[in-house]
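Containing compact mmCIF, C-alpha atoms: run-v8.txt.
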```
# COMPACT_ATOMS: atom_id res chain seq x y z
CA MET A 2 15.19 5.77 -9.00
CA ALA A 3 14.35 8.55 -6.51
CA LEU A 4 10.69 9.51 -6.11
CA GLU A 5 11.46 13.05 -7.26
CA GLN A 6 12.84 11.68 -10.51
CA ILE A 7 9.84 9.40 -10.96
CA ALA A 8 7.49 12.37 -10.52
CA ALA A 9 9.61 14.47 -12.87
CA ASP A 10 9.25 11.75 -15.49
CA LEU A 11 5.56 10.90 -15.03
CA ILE A 12 3.95 14.30 -14.31
CA PRO A 13 4.81 15.74 -17.76
CA GLN A 14 3.23 12.65 -19.34
CA ILE A 15 0.14 13.11 -17.16
CA ASP A 16 -0.09 16.80 -18.02
CA ALA A 17 0.37 16.13 -21.73
CA GLU A 18 -2.54 13.69 -21.64
CA LEU A 19 -4.64 16.15 -19.61
CA GLN A 20 -3.91 18.92 -22.09
CA GLU A 21 -5.09 16.72 -24.96
CA LEU A 22 -8.27 15.89 -23.06
CA THR A 23 -9.00 19.55 -22.29
CA ARG A 24 -8.06 21.04 -25.67
CA SER A 25 -10.76 23.36 -26.98
CA PRO A 26 -12.61 21.80 -29.96
CA HIS A 27 -13.33 25.24 -31.44
CA HIS A 28 -11.88 28.76 -31.05
CA SER A 29 -15.26 30.05 -29.85
CA LEU A 30 -14.90 27.82 -26.75
CA GLY A 31 -11.38 28.97 -25.95
CA ALA A 32 -12.46 30.96 -22.90
CA TYR A 33 -14.41 28.00 -21.47
CA TYR A 34 -11.59 25.52 -21.89
CA GLY A 35 -9.24 28.23 -20.66
CA MET A 36 -11.01 28.04 -17.30
CA PHE A 37 -10.13 24.33 -17.14
CA HIS A 38 -6.52 25.20 -17.89
CA TYR A 39 -6.53 27.92 -15.24
CA HIS A 40 -7.81 25.54 -12.57
CA LEU A 41 -5.30 22.85 -13.63
CA GLY A 42 -2.50 25.39 -13.18
CA TRP A 43 -1.28 26.03 -16.73
CA VAL A 44 -2.52 29.62 -17.30
CA ASP A 45 -3.19 32.75 -15.27
CA GLU A 46 -6.44 34.75 -14.91
CA THR A 47 -5.90 36.29 -18.36
CA LEU A 48 -5.42 32.74 -19.76
CA ALA A 49 -1.77 33.47 -20.51
CA PRO A 50 0.58 30.50 -19.95
CA VAL A 51 2.49 30.35 -16.66
CA GLY A 52 5.77 28.63 -15.97
CA THR A 53 4.73 26.79 -12.82
CA VAL A 54 3.79 23.11 -12.66
CA GLY A 55 0.04 22.50 -12.46
CA GLY A 56 0.08 20.35 -9.33
CA LYS A 57 1.48 17.29 -7.60
CA ARG A 58 -0.89 14.96 -9.51
CA LEU A 59 -0.93 12.57 -6.56
CA ARG A 60 -3.87 10.44 -7.70
CA PRO A 61 -2.69 9.76 -11.25
CA LEU A 62 0.80 9.03 -9.89
CA LEU A 63 -0.68 6.45 -7.54
CA CYS A 64 -2.61 4.92 -10.43
CA LEU A 65 0.42 4.70 -12.72
CA LEU A 66 2.79 3.39 -10.04
CA SER A 67 0.24 0.75 -9.03
CA CYS A 68 -0.07 -0.36 -12.63
CA GLN A 69 3.70 -0.36 -13.07
CA ALA A 70 4.23 -2.39 -9.89
CA LEU A 71 2.18 -5.18 -11.48
CA ASP A 72 4.08 -4.95 -14.80
CA GLY A 73 1.23 -3.08 -16.48
CA ASP A 74 1.54 -0.73 -19.46
CA LEU A 75 1.73 2.95 -18.40
CA TYR A 76 0.66 4.14 -21.85
CA GLN A 77 -2.52 2.09 -21.52
CA ALA A 78 -3.13 3.42 -17.98
CA LEU A 79 -2.63 7.14 -18.72
CA PRO A 80 -6.24 7.91 -19.80
CA ALA A 81 -7.64 6.29 -16.66
CA ALA A 82 -5.09 8.05 -14.44
CA CYS A 83 -6.10 11.38 -16.01
CA ALA A 84 -9.80 10.57 -15.63
CA ILE A 85 -9.21 10.19 -11.90
CA GLU A 86 -7.37 13.53 -11.81
CA LEU A 87 -10.22 15.24 -13.66
CA ILE A 88 -12.76 13.81 -11.20
CA HIS A 89 -10.63 15.10 -8.33
CA ASN A 90 -10.55 18.57 -9.87
CA PHE A 91 -14.28 18.58 -10.64
CA SER A 92 -14.85 17.99 -6.93
CA LEU A 93 -12.45 20.80 -5.97
CA VAL A 94 -14.16 23.35 -8.22
CA HIS A 95 -17.55 22.48 -6.72
CA ASP A 96 -16.18 22.29 -3.16
CA ASP A 97 -14.85 25.85 -3.45
CA ILE A 98 -18.31 27.06 -4.40
CA GLN A 99 -20.06 25.09 -1.67
CA ASP A 100 -17.55 26.17 0.97
CA GLY A 101 -17.37 29.78 -0.20
CA SER A 102 -13.58 29.40 -0.56
CA ARG A 103 -12.14 32.17 -2.70
CA THR A 104 -8.66 30.67 -3.07
CA ARG A 105 -7.31 27.34 -4.29
CA ARG A 106 -3.60 26.43 -4.27
CA GLY A 107 -2.64 30.00 -3.49
CA ARG A 108 -4.64 31.50 -6.38
CA ARG A 109 -8.18 32.77 -6.81
CA ALA A 110 -10.75 30.00 -7.19
CA VAL A 111 -12.44 29.62 -10.58
CA TRP A 112 -15.81 30.81 -9.28
CA ASP A 113 -14.24 33.88 -7.63
CA ILE A 114 -12.96 35.03 -11.01
CA TRP A 115 -15.71 34.01 -13.42
CA GLY A 116 -18.72 33.75 -11.11
CA MET A 117 -20.60 30.94 -9.43
CA ASN A 118 -22.61 29.87 -12.47
CA GLN A 119 -19.54 29.51 -14.66
CA GLY A 120 -17.77 27.75 -11.80
CA ILE A 121 -20.51 25.12 -11.65
CA ASN A 122 -20.30 24.73 -15.42
CA VAL A 123 -16.51 24.26 -15.26
CA GLY A 124 -16.93 21.53 -12.63
CA ASP A 125 -19.56 19.82 -14.74
CA GLY A 126 -17.30 19.98 -17.78
CA LEU A 127 -14.39 18.39 -15.92
CA PHE A 128 -16.74 15.61 -14.77
CA ALA A 129 -17.84 14.92 -18.35
CA LEU A 130 -14.27 15.00 -19.68
CA ALA A 131 -13.23 12.45 -17.06
CA HIS A 132 -15.73 9.97 -18.42
CA LEU A 133 -14.80 10.74 -22.02
CA ALA A 134 -11.16 10.03 -21.11
CA LEU A 135 -12.08 6.41 -20.39
CA HIS A 136 -13.10 5.94 -24.02
CA ARG A 137 -9.41 6.22 -24.91
CA LEU A 138 -8.73 2.90 -23.17
CA SER A 139 -10.09 0.96 -26.14
CA GLY A 140 -7.62 2.60 -28.51
CA ARG A 141 -4.79 1.74 -26.13
CA GLY A 142 -5.53 -1.97 -26.31
CA VAL A 143 -7.25 -2.39 -22.93
CA PRO A 144 -9.57 -5.45 -22.98
CA PRO A 145 -13.32 -4.67 -22.72
CA ARG A 146 -13.70 -6.42 -19.34
CA ARG A 147 -11.02 -4.17 -17.85
CA GLN A 148 -12.55 -1.09 -19.44
CA GLN A 149 -15.87 -1.96 -17.82
CA ALA A 150 -14.24 -2.59 -14.44
CA VAL A 151 -12.43 0.77 -14.59
CA SER A 152 -15.63 2.60 -15.53
CA LEU A 153 -17.53 0.97 -12.68
CA ALA A 154 -14.78 1.85 -10.17
CA LEU A 155 -14.76 5.49 -11.29
CA ASP A 156 -18.55 5.84 -11.08
CA GLN A 157 -18.58 4.29 -7.61
CA ALA A 158 -15.89 6.76 -6.54
CA CYS A 159 -17.91 9.70 -7.89
CA LEU A 160 -20.91 8.65 -5.83
CA ALA A 161 -18.73 8.15 -2.75
CA LEU A 162 -17.34 11.68 -3.20
CA CYS A 163 -20.86 13.11 -3.30
CA GLU A 164 -21.85 11.10 -0.23
CA GLY A 165 -18.81 12.35 1.63
CA GLN A 166 -19.50 15.94 0.61
CA PHE A 167 -23.11 15.57 1.78
CA PHE A 168 -21.97 14.58 5.25
CA ASP A 169 -19.19 17.18 5.33
CA MET A 170 -21.73 19.93 4.66
CA ALA A 171 -24.25 18.39 7.07
CA PHE A 172 -21.61 18.35 9.81
CA GLU A 173 -21.00 22.11 9.44
CA GLY A 174 -24.01 23.01 11.56
CA ARG A 175 -23.53 20.24 14.13
CA LEU A 176 -21.41 19.91 17.25
CA ASP A 177 -22.41 16.30 17.98
CA VAL A 178 -20.29 14.61 15.29
CA ASP A 179 -18.38 11.66 16.74
CA LEU A 180 -15.08 10.14 15.60
CA ASP A 181 -16.66 7.20 13.78
CA GLN A 182 -18.92 9.52 11.78
CA TYR A 183 -15.99 11.72 10.88
CA LEU A 184 -13.85 8.78 9.73
CA TRP A 185 -16.81 7.45 7.71
CA MET A 186 -17.05 10.83 5.98
CA ILE A 187 -13.36 11.13 5.06
CA ARG A 188 -13.32 7.56 3.76
CA ARG A 189 -15.71 8.81 1.10
CA LYS A 190 -14.69 12.40 0.55
CA THR A 191 -10.92 11.83 0.45
CA ALA A 192 -9.97 8.16 0.68
CA ALA A 193 -12.39 6.84 -1.96
CA LEU A 194 -10.59 8.48 -4.87
CA LEU A 195 -7.13 7.44 -3.66
CA ALA A 196 -8.47 3.88 -3.30
CA THR A 197 -9.86 4.11 -6.83
CA ALA A 198 -6.51 5.34 -8.15
CA THR A 199 -4.62 2.32 -6.82
CA GLN A 200 -7.50 -0.05 -7.65
CA VAL A 201 -7.71 1.14 -11.26
CA GLY A 202 -3.94 0.88 -11.65
CA ALA A 203 -4.19 -2.74 -10.55
CA ILE A 204 -7.24 -3.49 -12.74
CA LEU A 205 -5.31 -2.36 -15.81
CA ALA A 206 -2.45 -4.75 -15.01
CA THR A 207 -4.09 -7.89 -13.62
CA ASP A 208 -7.34 -9.83 -13.44
CA ASP A 209 -6.57 -11.25 -9.99
CA ALA A 210 -9.38 -10.04 -7.69
CA ARG A 211 -7.39 -10.54 -4.47
CA THR A 212 -4.50 -8.44 -5.76
CA ILE A 213 -6.86 -5.69 -6.94
CA GLY A 214 -8.55 -5.73 -3.53
CA ARG A 215 -5.24 -5.34 -1.71
CA TRP A 216 -4.30 -2.39 -3.89
CA SER A 217 -7.68 -0.79 -3.23
CA GLN A 218 -7.27 -1.22 0.53
CA PHE A 219 -3.78 0.24 0.31
CA GLY A 220 -5.18 3.36 -1.35
CA GLU A 221 -8.11 3.68 1.06
CA HIS A 222 -6.02 3.54 4.23
CA LEU A 223 -3.44 5.83 2.66
CA GLY A 224 -6.26 8.29 1.89
CA VAL A 225 -7.49 8.26 5.49
CA ALA A 226 -3.95 8.83 6.79
CA PHE A 227 -3.44 11.60 4.22
CA GLN A 228 -6.61 13.45 5.28
CA ILE A 229 -5.80 13.17 8.99
CA GLN A 230 -2.30 14.49 8.29
CA ASP A 231 -3.88 17.36 6.37
CA ASP A 232 -6.10 18.07 9.39
CA ILE A 233 -3.00 18.22 11.59
CA LEU A 234 -1.29 20.64 9.20
CA GLY A 235 -4.45 22.76 8.97
CA THR A 236 -4.32 23.21 12.74
CA TRP A 237 -0.61 23.29 13.63
CA GLY A 238 1.14 23.53 10.27
CA ASP A 239 3.87 25.90 9.17
CA GLU A 240 2.54 28.41 6.64
CA GLN A 241 5.81 28.17 4.68
CA VAL A 242 5.18 24.44 4.22
CA THR A 243 1.40 24.23 3.86
CA GLY A 244 0.78 27.40 1.84
CA LYS A 245 -2.04 28.48 4.14
CA SER A 246 -2.00 30.44 7.38
CA ALA A 247 -1.46 28.56 10.62
CA ALA A 248 -4.66 27.42 12.35
CA SER A 249 -6.64 28.25 9.20
CA ASP A 250 -9.01 25.35 9.82
CA ILE A 251 -9.77 26.67 13.32
CA ARG A 252 -10.33 30.19 12.01
CA ASP A 253 -12.92 28.79 9.62
CA ARG A 254 -14.40 26.58 12.38
CA LYS A 255 -13.90 23.39 10.37
CA LYS A 256 -14.79 20.07 12.01
CA THR A 257 -11.40 18.44 11.55
CA LEU A 258 -10.33 15.31 13.39
CA PRO A 259 -8.60 17.14 16.29
CA ILE A 260 -11.74 19.21 16.86
CA VAL A 261 -14.08 16.22 16.65
CA TYR A 262 -11.88 14.31 19.08
CA ALA A 263 -11.85 17.20 21.57
CA LEU A 264 -15.61 17.73 21.36
CA ASN A 265 -16.16 14.09 22.33
CA GLN A 266 -13.99 14.01 25.45
CA SER A 267 -16.56 12.98 28.07
CA GLU A 268 -13.88 12.87 30.77
CA GLN A 269 -13.04 16.51 30.13
CA ARG A 270 -16.52 17.93 29.76
CA ARG A 271 -15.50 21.43 30.73
CA ALA A 272 -12.94 21.64 27.90
CA ALA A 273 -15.40 20.09 25.43
CA GLY A 274 -18.06 22.57 26.52
CA GLN A 275 -15.69 25.52 26.10
CA LEU A 276 -14.81 24.31 22.62
CA SER A 277 -18.50 23.93 21.74
CA ASP A 278 -19.14 27.50 22.84
CA LEU A 279 -16.26 28.81 20.73
CA TYR A 280 -17.38 26.87 17.66
CA ALA A 281 -20.97 28.02 18.13
CA ARG A 282 -19.96 31.62 17.45
CA PRO A 283 -21.45 32.95 14.20
CA ALA A 284 -18.37 34.79 12.88
CA PRO A 285 -14.86 33.57 12.01
CA LEU A 286 -12.78 33.17 15.16
CA ASP A 287 -10.37 35.95 16.15
CA GLU A 288 -6.80 35.36 17.32
CA ALA A 289 -7.75 35.16 21.01
CA ALA A 290 -10.43 32.56 20.28
CA ILE A 291 -8.05 30.58 18.05
CA GLN A 292 -5.48 30.46 20.84
CA ALA A 293 -8.16 29.31 23.27
CA VAL A 294 -9.06 26.47 20.88
CA LEU A 295 -5.39 25.52 20.52
CA ASP A 296 -5.03 25.44 24.31
CA ILE A 297 -8.04 23.12 24.61
CA LEU A 298 -6.68 20.81 21.90
CA HIS A 299 -3.35 20.67 23.71
CA ASN A 300 -4.96 19.91 27.05
CA VAL A 301 -6.99 16.97 25.71
CA GLY A 302 -4.12 15.51 23.66
CA ALA A 303 -5.87 16.02 20.31
CA ARG A 304 -2.68 16.28 18.27
CA GLN A 305 -1.27 13.08 19.72
CA LYS A 306 -4.54 11.26 18.98
CA ALA A 307 -4.58 12.53 15.40
CA GLU A 308 -0.96 11.53 14.84
CA GLU A 309 -1.62 8.06 16.27
CA LEU A 310 -4.62 7.57 13.96
CA ALA A 311 -2.69 8.78 10.91
CA LEU A 312 0.15 6.38 11.71
CA HIS A 313 -2.32 3.54 12.30
CA HIS A 314 -3.88 3.93 8.86
CA TYR A 315 -0.49 4.38 7.23
CA CYS A 316 0.64 1.08 8.76
CA LEU A 317 -2.54 -0.63 7.54
CA ALA A 318 -1.87 0.75 4.06
CA THR A 319 1.67 -0.60 3.96
CA GLU A 320 0.51 -3.97 5.33
CA HIS A 321 -1.86 -4.36 2.38
CA LEU A 322 0.99 -3.44 0.06
CA GLU A 323 3.27 -6.05 1.62
CA GLU A 324 0.54 -8.71 1.32
CA THR A 325 1.02 -8.64 -2.44
CA GLY A 326 4.41 -10.30 -2.00
CA LEU A 327 5.94 -8.13 -4.72
CA ASP A 328 9.40 -6.63 -4.52
CA THR A 329 9.73 -4.35 -7.52
CA ALA A 330 11.14 -0.88 -8.03
CA ALA A 331 7.63 0.48 -8.63
CA GLN A 332 6.45 -1.11 -5.38
CA ALA A 333 9.32 0.62 -3.58
CA ASN A 334 8.28 3.91 -5.20
CA LEU A 335 4.74 3.40 -3.87
CA ARG A 336 6.09 2.86 -0.36
CA GLN A 337 8.20 6.00 -0.67
CA LEU A 338 5.25 8.03 -1.95
CA ALA A 339 3.08 6.81 0.93
CA SER A 340 5.79 7.70 3.42
CA SER A 341 6.23 11.17 1.94
CA LEU A 342 2.50 11.89 2.32
CA LEU A 343 2.58 11.14 6.03
CA GLY A 344 5.98 12.71 6.58
CA ARG A 345 5.18 16.26 5.45
CA GLN A 346 6.59 18.43 8.17
CA ALA A 347 4.28 20.47 10.39
```
How does the structure come out when it is put into structure tokens?
Amino acid sequence: MALEQIAADLIPQIDAELQELTRSPHHSLGAYYGMFHYHLGWVDETLAPVGTVGGKRLRPLLCLLSCQALDGDLYQALPAACAIELIHNFSLVHDDIQDGSRTRRGRRAVWDIWGMNQGINVGDGLFALAHLALHRLSGRGVPPRRQQAVSLALDQACLALCEGQFFDMAFEGRLDVDLDQYLWMIRRKTAALLATATQVGAILATDDARTIGRWSQFGEHLGVAFQIQDDILGTWGDEQVTGKSAASDIRDRKKTLPIVYALNQSEQRRAAGQLSDLYARPAPLDEAAIQAVLDILHNVGARQKAEELALHHYCLATEHLEETGLDTAAQANLRQLASSLLGRQA
């Protein structure tokens, strides 16, 4: 079955579970839970339903496909898959506040509409609902030992997200971040939750520690490749494809992988110094400055380096997948999903 058909089948099931988890318990709380629904893509600013799909639901898809590849029960796995999606969205709501980002997925961010305090409260609520979702595992027949393992994996991922966000914010005021530090950060901020998605999918289908470990490594390396690819698109991407203006990451002076690589080119100190000067400016960069940054990145081969690193981690991800020795339709769907993440056109 084509990946598009798999997504068309699974995403409505994911969204139905998410809607149950985020249903208002009382009419007086309708506006609060409406903010959850707005962020998840089901309603507009007036809380009226919209016809668009809420999102790609990448992380729950990875969780369900991983479970399915090991002959696990998707109905049992749905609450855990949705818990991971809620954790992801809690982090996005808080990230928008911390970054001062007024838009998310082409719409106004929650905090931009309802204020910073309510935005924080929405993020906190999504975090709590994620943990409540795990209590559904018992009613789905998941053994207690697996419930405990899933809960531990989710809590470890939450802490890793916070650690990654700490370093991401700490790096904002620094120009001495090296490549190893940057990769360490994205392993926590981005890759940790993808690793947890595939790990949890495996936990719910098997008790074999080696198999669970391979699935976790698959998700982690896929997450690193995914973030690096996102960095490439944020610098050189087509606005029609990415949904954000070209070179948006440069305009906002973000420390993406291409920038970090260029800043650390000791053999081209003049270019690195020019880039440092541009990134030290207090205001968002204008078009002339953005073009100057793009020229520097081109001259030091930053795009090629980023593409090589993304491919390297993608290959490591698929190697861990192949180590399982499985040859199932769900396994093939996982390979296709991984390939699609790296193959988004810039």
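Residue nearest Gln77 in chain A within the list A:Gln119, A:Ser92, A:Gln148, A:Thr104: A:Gln148 [criterion: smallest interatomic distance, only C-alpha atoms].
With distances restricted to all atoms listed in the file, A:Leu65 is the closest residue to Asp10 in chain A from A:Ser29, A:Leu327, A:Ala70, A:Leu65.
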*Could you tell me, as a VMD selection string, which residues have any atom at most 6 Å from (-9.2, 6.2, -18.3), counting only C-alpha atoms?*
chain A and resid 80 to 82 84 134 to 135 138
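Note that CA of Ile12 in chain A and CA of Leu322 in chain A are 23.0 Å apart.
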Which range 58-123 of chain A residues have any atom within 12 Å of an atom of range 157-178 of chain A, and for each, what is the nearest pair of atoms with distance in Å to one decimal, counting all atoms listed in the file, rows sorted by chain and number, as JSON lines?
```
{"residue": "A:Ala84", "atom": "CA", "partner": "A:Cys159", "partner_atom": "CA", "distance": 11.2}
{"residue": "A:Ile85", "atom": "CA", "partner": "A:Ala158", "partner_atom": "CA", "distance": 9.2}
{"residue": "A:Glu86", "atom": "CA", "partner": "A:Cys159", "partner_atom": "CA", "distance": 11.9}
{"residue": "A:Leu87", "atom": "CA", "partner": "A:Cys159", "partner_atom": "CA", "distance": 11.1}
{"residue": "A:Ile88", "atom": "CA", "partner": "A:Cys159", "partner_atom": "CA", "distance": 7.4}
{"residue": "A:His89", "atom": "CA", "partner": "A:Cys159", "partner_atom": "CA", "distance": 9.1}
{"residue": "A:Asn90", "atom": "CA", "partner": "A:Cys159", "partner_atom": "CA", "distance": 11.7}
{"residue": "A:Phe91", "atom": "CA", "partner": "A:Cys159", "partner_atom": "CA", "distance": 10.0}
{"residue": "A:Ser92", "atom": "CA", "partner": "A:Leu162", "partner_atom": "CA", "distance": 7.7}
{"residue": "A:Leu93", "atom": "CA", "partner": "A:Leu162", "partner_atom": "CA", "distance": 10.7}
{"residue": "A:His95", "atom": "CA", "partner": "A:Gln166", "partner_atom": "CA", "distance": 10.0}
{"residue": "A:Asp96", "atom": "CA", "partner": "A:Gln166", "partner_atom": "CA", "distance": 8.1}
{"residue": "A:Asp97", "atom": "CA", "partner": "A:Gln166", "partner_atom": "CA", "distance": 11.7}
{"residue": "A:Gln99", "atom": "CA", "partner": "A:Met170", "partner_atom": "CA", "distance": 8.3}
{"residue": "A:Asp100", "atom": "CA", "partner": "A:Met170", "partner_atom": "CA", "distance": 8.4}
{"residue": "A:Gly101", "atom": "CA", "partner": "A:Met170", "partner_atom": "CA", "distance": 11.8}
```
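Once Gly56 in chain A and its same-chain neighbours fewer than 2 positions away are set aside, Ala8, Ala9, Ile12, Pro13, Ile15, Asp16, His38, Tyr39, His40, Leu41, Gly42, Trp43, Thr53, Val54, Arg58, Leu59, Arg60, Pro61, Leu62, Glu86, His89, Asn90, Arg105, Arg106 and Gly107 of chain A remain within 12 Å of it when counting only C-alpha atoms.
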Please identify every residue of range 231-321 of chain A that has at least one atom no farther than 8 Å from an atom of range 179-191 of chain A, counting only C-alpha atoms, and for each give the shortest atom pair and the distance in Å to one decimal, arranged by chain then increasing number, as JSON lines.
```
{"residue": "A:Leu258", "atom": "CA", "partner": "A:Tyr183", "partner_atom": "CA", "distance": 7.2}
{"residue": "A:Val261", "atom": "CA", "partner": "A:Leu180", "partner_atom": "CA", "distance": 6.3}
{"residue": "A:Tyr262", "atom": "CA", "partner": "A:Leu180", "partner_atom": "CA", "distance": 6.3}
{"residue": "A:Asn265", "atom": "CA", "partner": "A:Asp179", "partner_atom": "CA", "distance": 6.5}
```
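The closest residue to Ser340 in chain A, picked from A:Leu4, A:Glu221, A:Ala206, A:Ser67 and counting all atoms listed in the file, is A:Leu4.
Taking CA of Leu286 in chain A and CA of Arg254 in chain A as the two end points, the separation is 7.3 Å.
Shortest separation to Ala110 in chain A among A:Ala131, A:Leu71, A:Ala293, A:Met36 occurs at residue A:Met36, atoms counted being only C-alpha atoms.
Put simply, CA of Glu323 in chain A is 14.3 Å away from CA of Thr199 in chain A.
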Margin query: With all atoms listed in the file as the counted atoms, please give the residues lying no more than 12 Å from Arg211 in chain A, apart from itself and same-chain residues fewer than 6 positions off, as an MDAnalysis selection string.
Written below: chainID A and resid 200 203:204 217:218 321:322 324:325
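Of the listed residues (A:Gly326, A:Leu155, A:Leu75, A:Leu30), A:Gly326 comes nearest to Thr212 in chain A; the distances count only C-alpha atoms.
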Given the point (-7.9, 26.7, 13.3) in the coordinates of this file, which residues lie within 8 Å, counting all atoms listed in the file, and how would they look as an mmCIF file with C-alpha atoms, in the coordinates of the input?
```
data_model
loop_
_atom_site.group_PDB
_atom_site.id
_atom_site.type_symbol
_atom_site.label_atom_id
_atom_site.label_comp_id
_atom_site.auth_asym_id
_atom_site.auth_seq_id
_atom_site.Cartn_x
_atom_site.Cartn_y
_atom_site.Cartn_z
ATOM 1 C CA GLY A 235 -4.450 22.760 8.970
ATOM 2 C CA THR A 236 -4.320 23.210 12.740
ATOM 3 C CA ALA A 247 -1.460 28.560 10.620
ATOM 4 C CA ALA A 248 -4.660 27.420 12.350
ATOM 5 C CA SER A 249 -6.640 28.250 9.200
ATOM 6 C CA ASP A 250 -9.010 25.350 9.820
ATOM 7 C CA ILE A 251 -9.770 26.670 13.320
ATOM 8 C CA ARG A 252 -10.330 30.190 12.010
ATOM 9 C CA ASP A 253 -12.920 28.790 9.620
ATOM 10 C CA ARG A 254 -14.400 26.580 12.380
ATOM 11 C CA LYS A 255 -13.900 23.390 10.370
ATOM 12 C CA ILE A 291 -8.050 30.580 18.050
ATOM 13 C CA VAL A 294 -9.060 26.470 20.880
ATOM 14 C CA LEU A 295 -5.390 25.520 20.520
#
```
Exercise: Thr207 in chain A partners within 12 Å, all atoms listed in the file, chain neighbours under 5 positions left out, as a PDB file with C-alpha atoms, in the frame of the given file:
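Result file is part_13.pdb:
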```
ATOM      1  CA  SER A  67       0.240   0.750  -9.030  1.00  0.00           C
ATOM      2  CA  CYS A  68      -0.070  -0.360 -12.630  1.00  0.00           C
ATOM      3  CA  GLN A  69       3.700  -0.360 -13.070  1.00  0.00           C
ATOM      4  CA  ALA A  70       4.230  -2.390  -9.890  1.00  0.00           C
ATOM      5  CA  LEU A  71       2.180  -5.180 -11.480  1.00  0.00           C
ATOM      6  CA  ASP A  72       4.080  -4.950 -14.800  1.00  0.00           C
ATOM      7  CA  GLY A  73       1.230  -3.080 -16.480  1.00  0.00           C
ATOM      8  CA  ASP A  74       1.540  -0.730 -19.460  1.00  0.00           C
ATOM      9  CA  VAL A 143      -7.250  -2.390 -22.930  1.00  0.00           C
ATOM     10  CA  PRO A 144      -9.570  -5.450 -22.980  1.00  0.00           C
ATOM     11  CA  ARG A 146     -13.700  -6.420 -19.340  1.00  0.00           C
ATOM     12  CA  ARG A 147     -11.020  -4.170 -17.850  1.00  0.00           C
ATOM     13  CA  ALA A 150     -14.240  -2.590 -14.440  1.00  0.00           C
ATOM     14  CA  GLN A 200      -7.500  -0.050  -7.650  1.00  0.00           C
ATOM     15  CA  VAL A 201      -7.710   1.140 -11.260  1.00  0.00           C
ATOM     16  CA  GLY A 202      -3.940   0.880 -11.650  1.00  0.00           C
ATOM     17  CA  THR A 212      -4.500  -8.440  -5.760  1.00  0.00           C
ATOM     18  CA  ILE A 213      -6.860  -5.690  -6.940  1.00  0.00           C
ATOM     19  CA  GLY A 214      -8.550  -5.730  -3.530  1.00  0.00           C
ATOM     20  CA  TRP A 216      -4.300  -2.390  -3.890  1.00  0.00           C
TER      21      TRP A 216
END
```
Min atom-atom distance to Gly344 in chain A from the set A:Asn300, A:Ile233, A:Tyr280, A:Glu288, counting only C-alpha atoms, belongs to A:Ile233
So for range 205-212 of chain A, what box centre and size do we get, axis-aligned, 8 Å extra on each of the six sides, every listed atom, Å to one decimal, as AutoDock Vina command-line options?
```
--center_x -5.9 --center_y -6.8 --center_z -10.1 --size_x 22.9 --size_y 24.9 --size_z 27.3
```
Which residues are near Gly302 in chain A? Cut-off 9 Å, all atoms listed in the file, ignore same chain within fewer than 4 positions. Put them as a ChimeraX atom specification.
/A:259,263,297-298,306-307
Practice prompt. Give me the residues within 7 Å of Gln230 in chain A as number ranges by chain, counting all atoms listed in the file and dropping any in the same chain fewer than 4 places off.
Written response: A: 226, 234, 311, 343
Would you fill the gaps in range 188-198 of chain A so it has N, CA and C atoms, then print it as a PDB file, in the frame of the given file?
```
ATOM      1  N   ARG A 188     -13.524   8.733   4.614  1.00  0.00           N
ATOM      2  CA  ARG A 188     -13.320   7.560   3.760  1.00  0.00           C
ATOM      3  C   ARG A 188     -13.967   7.775   2.393  1.00  0.00           C
ATOM      4  N   ARG A 189     -15.026   8.538   2.353  1.00  0.00           N
ATOM      5  CA  ARG A 189     -15.710   8.810   1.100  1.00  0.00           C
ATOM      6  C   ARG A 189     -15.182  10.079   0.424  1.00  0.00           C
ATOM      7  N   LYS A 190     -15.054  11.125   1.170  1.00  0.00           N
ATOM      8  CA  LYS A 190     -14.690  12.400   0.550  1.00  0.00           C
ATOM      9  C   LYS A 190     -13.236  12.427   0.075  1.00  0.00           C
ATOM     10  N   THR A 191     -12.335  11.791   0.801  1.00  0.00           N
ATOM     11  CA  THR A 191     -10.920  11.830   0.450  1.00  0.00           C
ATOM     12  C   THR A 191     -10.381  10.469   0.040  1.00  0.00           C
ATOM     13  N   ALA A 192     -10.619   9.453   0.884  1.00  0.00           N
ATOM     14  CA  ALA A 192      -9.970   8.160   0.680  1.00  0.00           C
ATOM     15  C   ALA A 192     -10.510   7.412  -0.540  1.00  0.00           C
ATOM     16  N   ALA A 193     -11.786   7.612  -0.870  1.00  0.00           N
ATOM     17  CA  ALA A 193     -12.390   6.840  -1.960  1.00  0.00           C
ATOM     18  C   ALA A 193     -11.650   7.022  -3.280  1.00  0.00           C
ATOM     19  N   LEU A 194     -11.238   8.245  -3.576  1.00  0.00           N
ATOM     20  CA  LEU A 194     -10.590   8.480  -4.870  1.00  0.00           C
ATOM     21  C   LEU A 194      -9.146   7.967  -4.868  1.00  0.00           C
ATOM     22  N   LEU A 195      -8.468   8.030  -3.728  1.00  0.00           N
ATOM     23  CA  LEU A 195      -7.130   7.440  -3.660  1.00  0.00           C
ATOM     24  C   LEU A 195      -7.227   5.917  -3.791  1.00  0.00           C
ATOM     25  N   ALA A 196      -8.258   5.326  -3.162  1.00  0.00           N
ATOM     26  CA  ALA A 196      -8.470   3.880  -3.300  1.00  0.00           C
ATOM     27  C   ALA A 196      -8.765   3.520  -4.753  1.00  0.00           C
ATOM     28  N   THR A 197      -9.538   4.357  -5.425  1.00  0.00           N
ATOM     29  CA  THR A 197      -9.860   4.110  -6.830  1.00  0.00           C
ATOM     30  C   THR A 197      -8.608   4.227  -7.706  1.00  0.00           C
ATOM     31  N   ALA A 198      -7.734   5.174  -7.373  1.00  0.00           N
ATOM     32  CA  ALA A 198      -6.510   5.340  -8.150  1.00  0.00           C
ATOM     33  C   ALA A 198      -5.653   4.082  -8.118  1.00  0.00           C
TER      34      ALA A 198
END
```
